[in-house]
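**Q** First the structure, then my questions, so here it is.
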Amino acid sequence: MSLRLGDVAPDFEADTTKGQIHFHQWLGDSWGLLFSHPADFTPVCTTELGRTALLKGEFEKRNVKVIAVSVDDLESHNRWVPDINEVNDTDVNFPIIADGDRTVATLYDMIHPNASEKATVRSVFVIGPDKKIKLTLTYPASTGRNFNEILRVIDSLQLTANYQVATPADWKDGEDVIVVPAVSTEDAQKKFTKGLTIVKPYLRYTPQPNK
Ligand code: BEZ
């Protein structure tokens, strides 16, 4: 069965371009971003891994450890990384898992046989410091992911983990947020001292509490 939000992210040991890792241990107290790509030496994947490397500072700011995976072997990953660096003028600074035996791909249900028998689809898992899955996304091989969206959703997850708020459509860090329905308007008025805008009794905005 596929993994669902709130499930514990399966633990595993794997060889990576940065050495052997024990996944949960490697995550430590950080957030995690585990994402799969279909294959090494493919064009869309080359742009995605480069973009991820270029966003190193953004992931670090959010205390997120990034790790990629495909079913290619370590020798292939190591030959491909210089291409990614050259094309994107960057330095791939995160580990890429060599998953030739499909251990990780199977645990995380990353192979969708009706799309491809052999390659992983573009799966995304955001994992919280409690090792639970907070977000899943699945893209086809032909569509490169929007890493700004991945950062945006991490901002939302980290905010909503700490305050009784949710984020509206197209929300970006710094914009007003929504008070969750579980908080009464009377309590919201006491709790959200930056102010409350009541559009409907169930739709109440407040400035982002951690800004
Ligand atoms: C790519 O990464 O470019 C790619 C991989 C598999 C199928 C199509 C595109």
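Here, A, B, ... name the chains of the structure tokens in the order displayed, residue numbers run from 1 inside each chain, and ligands are numbered from 1 in the same displayed order.
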Residues of segment 3-205 of chain A classed as helix (DSSP H, G or I) by DSSP on the backbone are to be reported as a PDB file with N, CA and C atoms, in the first residue's frame.
**A**
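Result file result-v2.pdb:
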```
ATOM      1  N   PHE A  23      18.936   6.113   7.097  1.00  0.00           N
ATOM      2  CA  PHE A  23      18.103   7.270   6.771  1.00  0.00           C
ATOM      3  C   PHE A  23      17.656   8.064   8.001  1.00  0.00           C
ATOM      4  N   HIS A  24      17.040   7.406   8.959  1.00  0.00           N
ATOM      5  CA  HIS A  24      16.521   8.151  10.121  1.00  0.00           C
ATOM      6  C   HIS A  24      17.647   8.817  10.899  1.00  0.00           C
ATOM      7  N   GLN A  25      18.755   8.083  11.009  1.00  0.00           N
ATOM      8  CA  GLN A  25      19.903   8.655  11.720  1.00  0.00           C
ATOM      9  C   GLN A  25      20.428   9.879  10.969  1.00  0.00           C
ATOM     10  N   TRP A  26      20.495   9.750   9.655  1.00  0.00           N
ATOM     11  CA  TRP A  26      20.997  10.840   8.806  1.00  0.00           C
ATOM     12  C   TRP A  26      20.093  12.065   8.930  1.00  0.00           C
ATOM     13  N   LEU A  27      18.769  11.841   9.019  1.00  0.00           N
ATOM     14  CA  LEU A  27      17.833  12.967   9.157  1.00  0.00           C
ATOM     15  C   LEU A  27      18.041  13.696  10.483  1.00  0.00           C
ATOM     16  N   PRO A  43      17.657  14.596 -19.476  1.00  0.00           N
ATOM     17  CA  PRO A  43      17.706  16.065 -19.480  1.00  0.00           C
ATOM     18  C   PRO A  43      16.933  16.743 -18.354  1.00  0.00           C
ATOM     19  N   VAL A  44      15.684  16.321 -18.136  1.00  0.00           N
ATOM     20  CA  VAL A  44      14.871  17.001 -17.117  1.00  0.00           C
ATOM     21  C   VAL A  44      15.516  16.803 -15.737  1.00  0.00           C
ATOM     22  N   CYS A  45      15.963  15.584 -15.469  1.00  0.00           N
ATOM     23  CA  CYS A  45      16.588  15.284 -14.174  1.00  0.00           C
ATOM     24  C   CYS A  45      17.836  16.134 -13.964  1.00  0.00           C
ATOM     25  N   THR A  46      18.570  16.377 -15.032  1.00  0.00           N
ATOM     26  CA  THR A  46      19.788  17.191 -14.925  1.00  0.00           C
ATOM     27  C   THR A  46      19.429  18.608 -14.459  1.00  0.00           C
ATOM     28  N   THR A  47      18.307  19.134 -14.966  1.00  0.00           N
ATOM     29  CA  THR A  47      17.907  20.484 -14.519  1.00  0.00           C
ATOM     30  C   THR A  47      17.391  20.446 -13.084  1.00  0.00           C
ATOM     31  N   GLU A  48      16.671  19.398 -12.730  1.00  0.00           N
ATOM     32  CA  GLU A  48      16.086  19.323 -11.374  1.00  0.00           C
ATOM     33  C   GLU A  48      17.153  19.212 -10.292  1.00  0.00           C
ATOM     34  N   LEU A  49      18.133  18.341 -10.520  1.00  0.00           N
ATOM     35  CA  LEU A  49      19.152  18.176  -9.475  1.00  0.00           C
ATOM     36  C   LEU A  49      20.025  19.428  -9.369  1.00  0.00           C
ATOM     37  N   GLY A  50      20.237  20.079 -10.516  1.00  0.00           N
ATOM     38  CA  GLY A  50      20.982  21.341 -10.492  1.00  0.00           C
ATOM     39  C   GLY A  50      20.225  22.412  -9.729  1.00  0.00           C
ATOM     40  N   ARG A  51      18.949  22.518  -9.985  1.00  0.00           N
ATOM     41  CA  ARG A  51      18.119  23.531  -9.303  1.00  0.00           C
ATOM     42  C   ARG A  51      18.129  23.272  -7.788  1.00  0.00           C
ATOM     43  N   THR A  52      18.030  22.025  -7.417  1.00  0.00           N
ATOM     44  CA  THR A  52      18.034  21.681  -5.984  1.00  0.00           C
ATOM     45  C   THR A  52      19.357  22.101  -5.346  1.00  0.00           C
ATOM     46  N   ALA A  53      20.451  21.844  -6.054  1.00  0.00           N
ATOM     47  CA  ALA A  53      21.764  22.228  -5.509  1.00  0.00           C
ATOM     48  C   ALA A  53      21.853  23.755  -5.366  1.00  0.00           C
ATOM     49  N   LEU A  54      21.313  24.475  -6.347  1.00  0.00           N
ATOM     50  CA  LEU A  54      21.376  25.941  -6.299  1.00  0.00           C
ATOM     51  C   LEU A  54      20.551  26.500  -5.128  1.00  0.00           C
ATOM     52  N   LYS A  56      20.484  25.302  -2.151  1.00  0.00           N
ATOM     53  CA  LYS A  56      21.077  24.813  -0.886  1.00  0.00           C
ATOM     54  C   LYS A  56      20.771  25.750   0.300  1.00  0.00           C
ATOM     55  N   GLY A  57      21.029  27.041   0.103  1.00  0.00           N
ATOM     56  CA  GLY A  57      20.835  28.016   1.193  1.00  0.00           C
ATOM     57  C   GLY A  57      19.387  28.069   1.647  1.00  0.00           C
ATOM     58  N   GLU A  58      18.457  27.948   0.707  1.00  0.00           N
ATOM     59  CA  GLU A  58      17.031  28.008   1.050  1.00  0.00           C
ATOM     60  C   GLU A  58      16.628  26.787   1.884  1.00  0.00           C
ATOM     61  N   PHE A  59      17.158  25.609   1.518  1.00  0.00           N
ATOM     62  CA  PHE A  59      16.843  24.411   2.306  1.00  0.00           C
ATOM     63  C   PHE A  59      17.493  24.500   3.686  1.00  0.00           C
ATOM     64  N   GLU A  60      18.714  24.990   3.730  1.00  0.00           N
ATOM     65  CA  GLU A  60      19.407  25.104   5.023  1.00  0.00           C
ATOM     66  C   GLU A  60      18.664  26.058   5.958  1.00  0.00           C
ATOM     67  N   LYS A  61      18.197  27.181   5.389  1.00  0.00           N
ATOM     68  CA  LYS A  61      17.461  28.167   6.204  1.00  0.00           C
ATOM     69  C   LYS A  61      16.254  27.531   6.887  1.00  0.00           C
ATOM     70  N   LEU A  74      25.863   3.550  -8.092  1.00  0.00           N
ATOM     71  CA  LEU A  74      26.724   4.624  -7.589  1.00  0.00           C
ATOM     72  C   LEU A  74      27.699   5.114  -8.660  1.00  0.00           C
ATOM     73  N   GLU A  75      28.227   4.160  -9.417  1.00  0.00           N
ATOM     74  CA  GLU A  75      29.192   4.535 -10.470  1.00  0.00           C
ATOM     75  C   GLU A  75      28.525   5.481 -11.476  1.00  0.00           C
ATOM     76  N   SER A  76      27.280   5.209 -11.817  1.00  0.00           N
ATOM     77  CA  SER A  76      26.537   6.064 -12.755  1.00  0.00           C
ATOM     78  C   SER A  76      26.290   7.452 -12.139  1.00  0.00           C
ATOM     79  N   HIS A  77      25.827   7.477 -10.899  1.00  0.00           N
ATOM     80  CA  HIS A  77      25.606   8.779 -10.229  1.00  0.00           C
ATOM     81  C   HIS A  77      26.902   9.594 -10.245  1.00  0.00           C
ATOM     82  N   ASN A  78      28.004   8.938  -9.897  1.00  0.00           N
ATOM     83  CA  ASN A  78      29.276   9.669  -9.782  1.00  0.00           C
ATOM     84  C   ASN A  78      29.767  10.183 -11.135  1.00  0.00           C
ATOM     85  N   ARG A  79      29.428   9.469 -12.200  1.00  0.00           N
ATOM     86  CA  ARG A  79      29.814   9.966 -13.537  1.00  0.00           C
ATOM     87  C   ARG A  79      28.913  11.113 -13.983  1.00  0.00           C
ATOM     88  N   TRP A  80      27.647  11.101 -13.504  1.00  0.00           N
ATOM     89  CA  TRP A  80      26.655  12.101 -13.948  1.00  0.00           C
ATOM     90  C   TRP A  80      26.811  13.447 -13.220  1.00  0.00           C
ATOM     91  N   VAL A  81      27.174  13.388 -11.925  1.00  0.00           N
ATOM     92  CA  VAL A  81      27.215  14.614 -11.106  1.00  0.00           C
ATOM     93  C   VAL A  81      28.046  15.736 -11.744  1.00  0.00           C
ATOM     94  N   PRO A  82      29.225  15.441 -12.330  1.00  0.00           N
ATOM     95  CA  PRO A  82      29.971  16.543 -12.958  1.00  0.00           C
ATOM     96  C   PRO A  82      29.184  17.228 -14.080  1.00  0.00           C
ATOM     97  N   ASP A  83      28.376  16.479 -14.813  1.00  0.00           N
ATOM     98  CA  ASP A  83      27.525  17.092 -15.846  1.00  0.00           C
ATOM     99  C   ASP A  83      26.522  18.061 -15.216  1.00  0.00           C
ATOM    100  N   ILE A  84      25.885  17.614 -14.142  1.00  0.00           N
ATOM    101  CA  ILE A  84      24.889  18.473 -13.463  1.00  0.00           C
ATOM    102  C   ILE A  84      25.567  19.761 -13.003  1.00  0.00           C
ATOM    103  N   ASN A  85      26.747  19.602 -12.421  1.00  0.00           N
ATOM    104  CA  ASN A  85      27.480  20.775 -11.928  1.00  0.00           C
ATOM    105  C   ASN A  85      27.822  21.728 -13.064  1.00  0.00           C
ATOM    106  N   GLU A  86      28.287  21.150 -14.162  1.00  0.00           N
ATOM    107  CA  GLU A  86      28.705  21.983 -15.300  1.00  0.00           C
ATOM    108  C   GLU A  86      27.505  22.723 -15.907  1.00  0.00           C
ATOM    109  N   VAL A  87      26.436  21.984 -16.173  1.00  0.00           N
ATOM    110  CA  VAL A  87      25.271  22.556 -16.867  1.00  0.00           C
ATOM    111  C   VAL A  87      24.611  23.647 -16.029  1.00  0.00           C
ATOM    112  N   ASN A  88      24.578  23.447 -14.711  1.00  0.00           N
ATOM    113  CA  ASN A  88      23.839  24.369 -13.840  1.00  0.00           C
ATOM    114  C   ASN A  88      24.756  25.317 -13.074  1.00  0.00           C
ATOM    115  N   THR A 103      15.336  -0.970  -3.219  1.00  0.00           N
ATOM    116  CA  THR A 103      14.867  -1.010  -1.819  1.00  0.00           C
ATOM    117  C   THR A 103      14.054   0.237  -1.490  1.00  0.00           C
ATOM    118  N   VAL A 104      14.630   1.400  -1.787  1.00  0.00           N
ATOM    119  CA  VAL A 104      13.959   2.658  -1.428  1.00  0.00           C
ATOM    120  C   VAL A 104      12.743   2.871  -2.335  1.00  0.00           C
ATOM    121  N   ALA A 105      12.926   2.592  -3.623  1.00  0.00           N
ATOM    122  CA  ALA A 105      11.815   2.766  -4.579  1.00  0.00           C
ATOM    123  C   ALA A 105      10.604   1.924  -4.175  1.00  0.00           C
ATOM    124  N   THR A 106      10.866   0.736  -3.656  1.00  0.00           N
ATOM    125  CA  THR A 106       9.766  -0.145  -3.242  1.00  0.00           C
ATOM    126  C   THR A 106       9.135   0.342  -1.940  1.00  0.00           C
ATOM    127  N   LEU A 107       9.980   0.676  -0.973  1.00  0.00           N
ATOM    128  CA  LEU A 107       9.447   1.145   0.319  1.00  0.00           C
ATOM    129  C   LEU A 107       8.545   2.362   0.145  1.00  0.00           C
ATOM    130  N   PHE A 147      10.536  23.774  -7.846  1.00  0.00           N
ATOM    131  CA  PHE A 147      11.166  23.739  -6.527  1.00  0.00           C
ATOM    132  C   PHE A 147      10.785  24.948  -5.681  1.00  0.00           C
ATOM    133  N   ASN A 148      10.309  26.010  -6.335  1.00  0.00           N
ATOM    134  CA  ASN A 148       9.753  27.120  -5.548  1.00  0.00           C
ATOM    135  C   ASN A 148       8.492  26.666  -4.824  1.00  0.00           C
ATOM    136  N   GLU A 149       7.711  25.816  -5.487  1.00  0.00           N
ATOM    137  CA  GLU A 149       6.497  25.291  -4.840  1.00  0.00           C
ATOM    138  C   GLU A 149       6.874  24.381  -3.658  1.00  0.00           C
ATOM    139  N   ILE A 150       7.940  23.618  -3.832  1.00  0.00           N
ATOM    140  CA  ILE A 150       8.352  22.735  -2.725  1.00  0.00           C
ATOM    141  C   ILE A 150       8.795  23.582  -1.520  1.00  0.00           C
ATOM    142  N   LEU A 151       9.515  24.662  -1.780  1.00  0.00           N
ATOM    143  CA  LEU A 151       9.904  25.549  -0.660  1.00  0.00           C
ATOM    144  C   LEU A 151       8.671  26.211  -0.044  1.00  0.00           C
ATOM    145  N   ARG A 152       7.737  26.600  -0.906  1.00  0.00           N
ATOM    146  CA  ARG A 152       6.511  27.258  -0.423  1.00  0.00           C
ATOM    147  C   ARG A 152       5.731  26.332   0.516  1.00  0.00           C
ATOM    148  N   VAL A 153       5.612  25.078   0.107  1.00  0.00           N
ATOM    149  CA  VAL A 153       4.825  24.160   0.942  1.00  0.00           C
ATOM    150  C   VAL A 153       5.578  23.835   2.237  1.00  0.00           C
ATOM    151  N   ILE A 154       6.890  23.808   2.188  1.00  0.00           N
ATOM    152  CA  ILE A 154       7.666  23.608   3.426  1.00  0.00           C
ATOM    153  C   ILE A 154       7.425  24.798   4.367  1.00  0.00           C
ATOM    154  N   ASP A 155       7.385  26.004   3.817  1.00  0.00           N
ATOM    155  CA  ASP A 155       7.082  27.179   4.656  1.00  0.00           C
ATOM    156  C   ASP A 155       5.723  27.019   5.318  1.00  0.00           C
ATOM    157  N   SER A 156       4.752  26.556   4.543  1.00  0.00           N
ATOM    158  CA  SER A 156       3.410  26.369   5.096  1.00  0.00           C
ATOM    159  C   SER A 156       3.416  25.281   6.176  1.00  0.00           C
ATOM    160  N   LEU A 157       4.076  24.163   5.885  1.00  0.00           N
ATOM    161  CA  LEU A 157       4.112  23.056   6.851  1.00  0.00           C
ATOM    162  C   LEU A 157       4.776  23.489   8.162  1.00  0.00           C
ATOM    163  N   GLN A 158       5.866  24.242   8.034  1.00  0.00           N
ATOM    164  CA  GLN A 158       6.598  24.633   9.249  1.00  0.00           C
ATOM    165  C   GLN A 158       5.797  25.655  10.056  1.00  0.00           C
ATOM    166  N   LEU A 159       5.075  26.503   9.349  1.00  0.00           N
ATOM    167  CA  LEU A 159       4.239  27.488  10.043  1.00  0.00           C
ATOM    168  C   LEU A 159       3.059  26.815  10.746  1.00  0.00           C
ATOM    169  N   THR A 160       2.366  25.947  10.010  1.00  0.00           N
ATOM    170  CA  THR A 160       1.147  25.350  10.566  1.00  0.00           C
ATOM    171  C   THR A 160       1.463  24.300  11.635  1.00  0.00           C
ATOM    172  N   ALA A 161       2.718  23.845  11.663  1.00  0.00           N
ATOM    173  CA  ALA A 161       3.130  22.922  12.735  1.00  0.00           C
ATOM    174  C   ALA A 161       3.215  23.657  14.074  1.00  0.00           C
ATOM    175  N   ASN A 162       3.408  24.965  14.021  1.00  0.00           N
ATOM    176  CA  ASN A 162       3.669  25.725  15.250  1.00  0.00           C
ATOM    177  C   ASN A 162       2.553  26.658  15.690  1.00  0.00           C
ATOM    178  N   THR A 185     -13.903  32.330  17.310  1.00  0.00           N
ATOM    179  CA  THR A 185     -13.550  33.727  17.001  1.00  0.00           C
ATOM    180  C   THR A 185     -13.178  34.475  18.278  1.00  0.00           C
ATOM    181  N   GLU A 186     -13.870  34.167  19.366  1.00  0.00           N
ATOM    182  CA  GLU A 186     -13.551  34.816  20.649  1.00  0.00           C
ATOM    183  C   GLU A 186     -12.106  34.503  21.067  1.00  0.00           C
ATOM    184  N   ASP A 187     -11.729  33.231  20.962  1.00  0.00           N
ATOM    185  CA  ASP A 187     -10.355  32.841  21.311  1.00  0.00           C
ATOM    186  C   ASP A 187      -9.352  33.423  20.311  1.00  0.00           C
ATOM    187  N   ALA A 188      -9.747  33.443  19.043  1.00  0.00           N
ATOM    188  CA  ALA A 188      -8.834  33.969  18.007  1.00  0.00           C
ATOM    189  C   ALA A 188      -8.515  35.428  18.283  1.00  0.00           C
ATOM    190  N   GLN A 189      -9.524  36.169  18.736  1.00  0.00           N
ATOM    191  CA  GLN A 189      -9.292  37.598  19.004  1.00  0.00           C
ATOM    192  C   GLN A 189      -8.275  37.799  20.127  1.00  0.00           C
ATOM    193  N   LYS A 190      -8.267  36.885  21.077  1.00  0.00           N
ATOM    194  CA  LYS A 190      -7.282  36.980  22.177  1.00  0.00           C
ATOM    195  C   LYS A 190      -5.911  36.494  21.721  1.00  0.00           C
ATOM    196  N   LYS A 191      -5.923  35.449  20.918  1.00  0.00           N
ATOM    197  CA  LYS A 191      -4.677  34.744  20.566  1.00  0.00           C
ATOM    198  C   LYS A 191      -3.883  35.476  19.477  1.00  0.00           C
TER     199      LYS A 191
END
```
**Q** How would you report the residues lying within 8 Å of ligand 1, as a list of chain:residue names, if you count only C-alpha atoms and all ligand atoms?
**A** A:His37, A:Pro38, A:Ala39, A:Asp40, A:Phe41, A:Thr42, A:Pro43, A:Val44, A:Cys45, A:Thr46, A:Ala119, A:Ala141, A:Ser142, A:Thr143, A:Gly144
**Q** Using only C-alpha atoms, find the one residue out of A:Gly128, A:Thr138, A:Asn63, A:Asn93 that sits nearest to His112 of chain A.
**A** A:Thr138
**Q** Determine which residues of segment 63-168 of chain A DSSP labels as strand (DSSP E or B) from the backbone of this structure, then write them out as a ChimeraX atom specification.
**A** /A:64-70,96-98,122-127,132-139,165-166
**Q** How far is it from atom CA of Leu203 of chain A to atom CA of Lys134 of chain A, in Å with one decimal?
**A**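 Computing it gives 23.8 Å between the two atoms.
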**Q** Which distance in Å separates atom CA of Phe192 of chain A and atom CA of Leu5 of chain A, to one decimal?
**A**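 Interatomic distance here is 28.1 Å.
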**Q** In Å to one decimal, how far is atom CA of Ile97 of chain A from atom CA of Glu13 of chain A?
**A**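 It comes out at 9.7 Å.
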**Q** Could you tell me which of A:Val183, A:Ile198, A:Val8, A:Ala98 comes closest to Ile21 of chain A if we count only C-alpha atoms?
**A** A:Ala98
**Q** Do a neighbour search on segment 194-196 of chain A at 9 Å with only C-alpha atoms, toss out local chain neighbours closer than 5 positions, and write the hits as a list in words.
**A**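 After dropping sequence-adjacent residues, the list is Val179, Thr185, Ala188, Gln189, Arg204, Tyr205, Thr206, Pro207, Gln208 and Pro209 of chain A.
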**Q** Which one is closest to Gly100 of chain A: A:Val64, A:Ile178, A:Ala166, A:Ala14? Count only C-alpha atoms.
**A**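 Of A:Val64, A:Ile178, A:Ala166, A:Ala14, the one nearest Gly100 of chain A, counting only C-alpha atoms, is A:Ala14.
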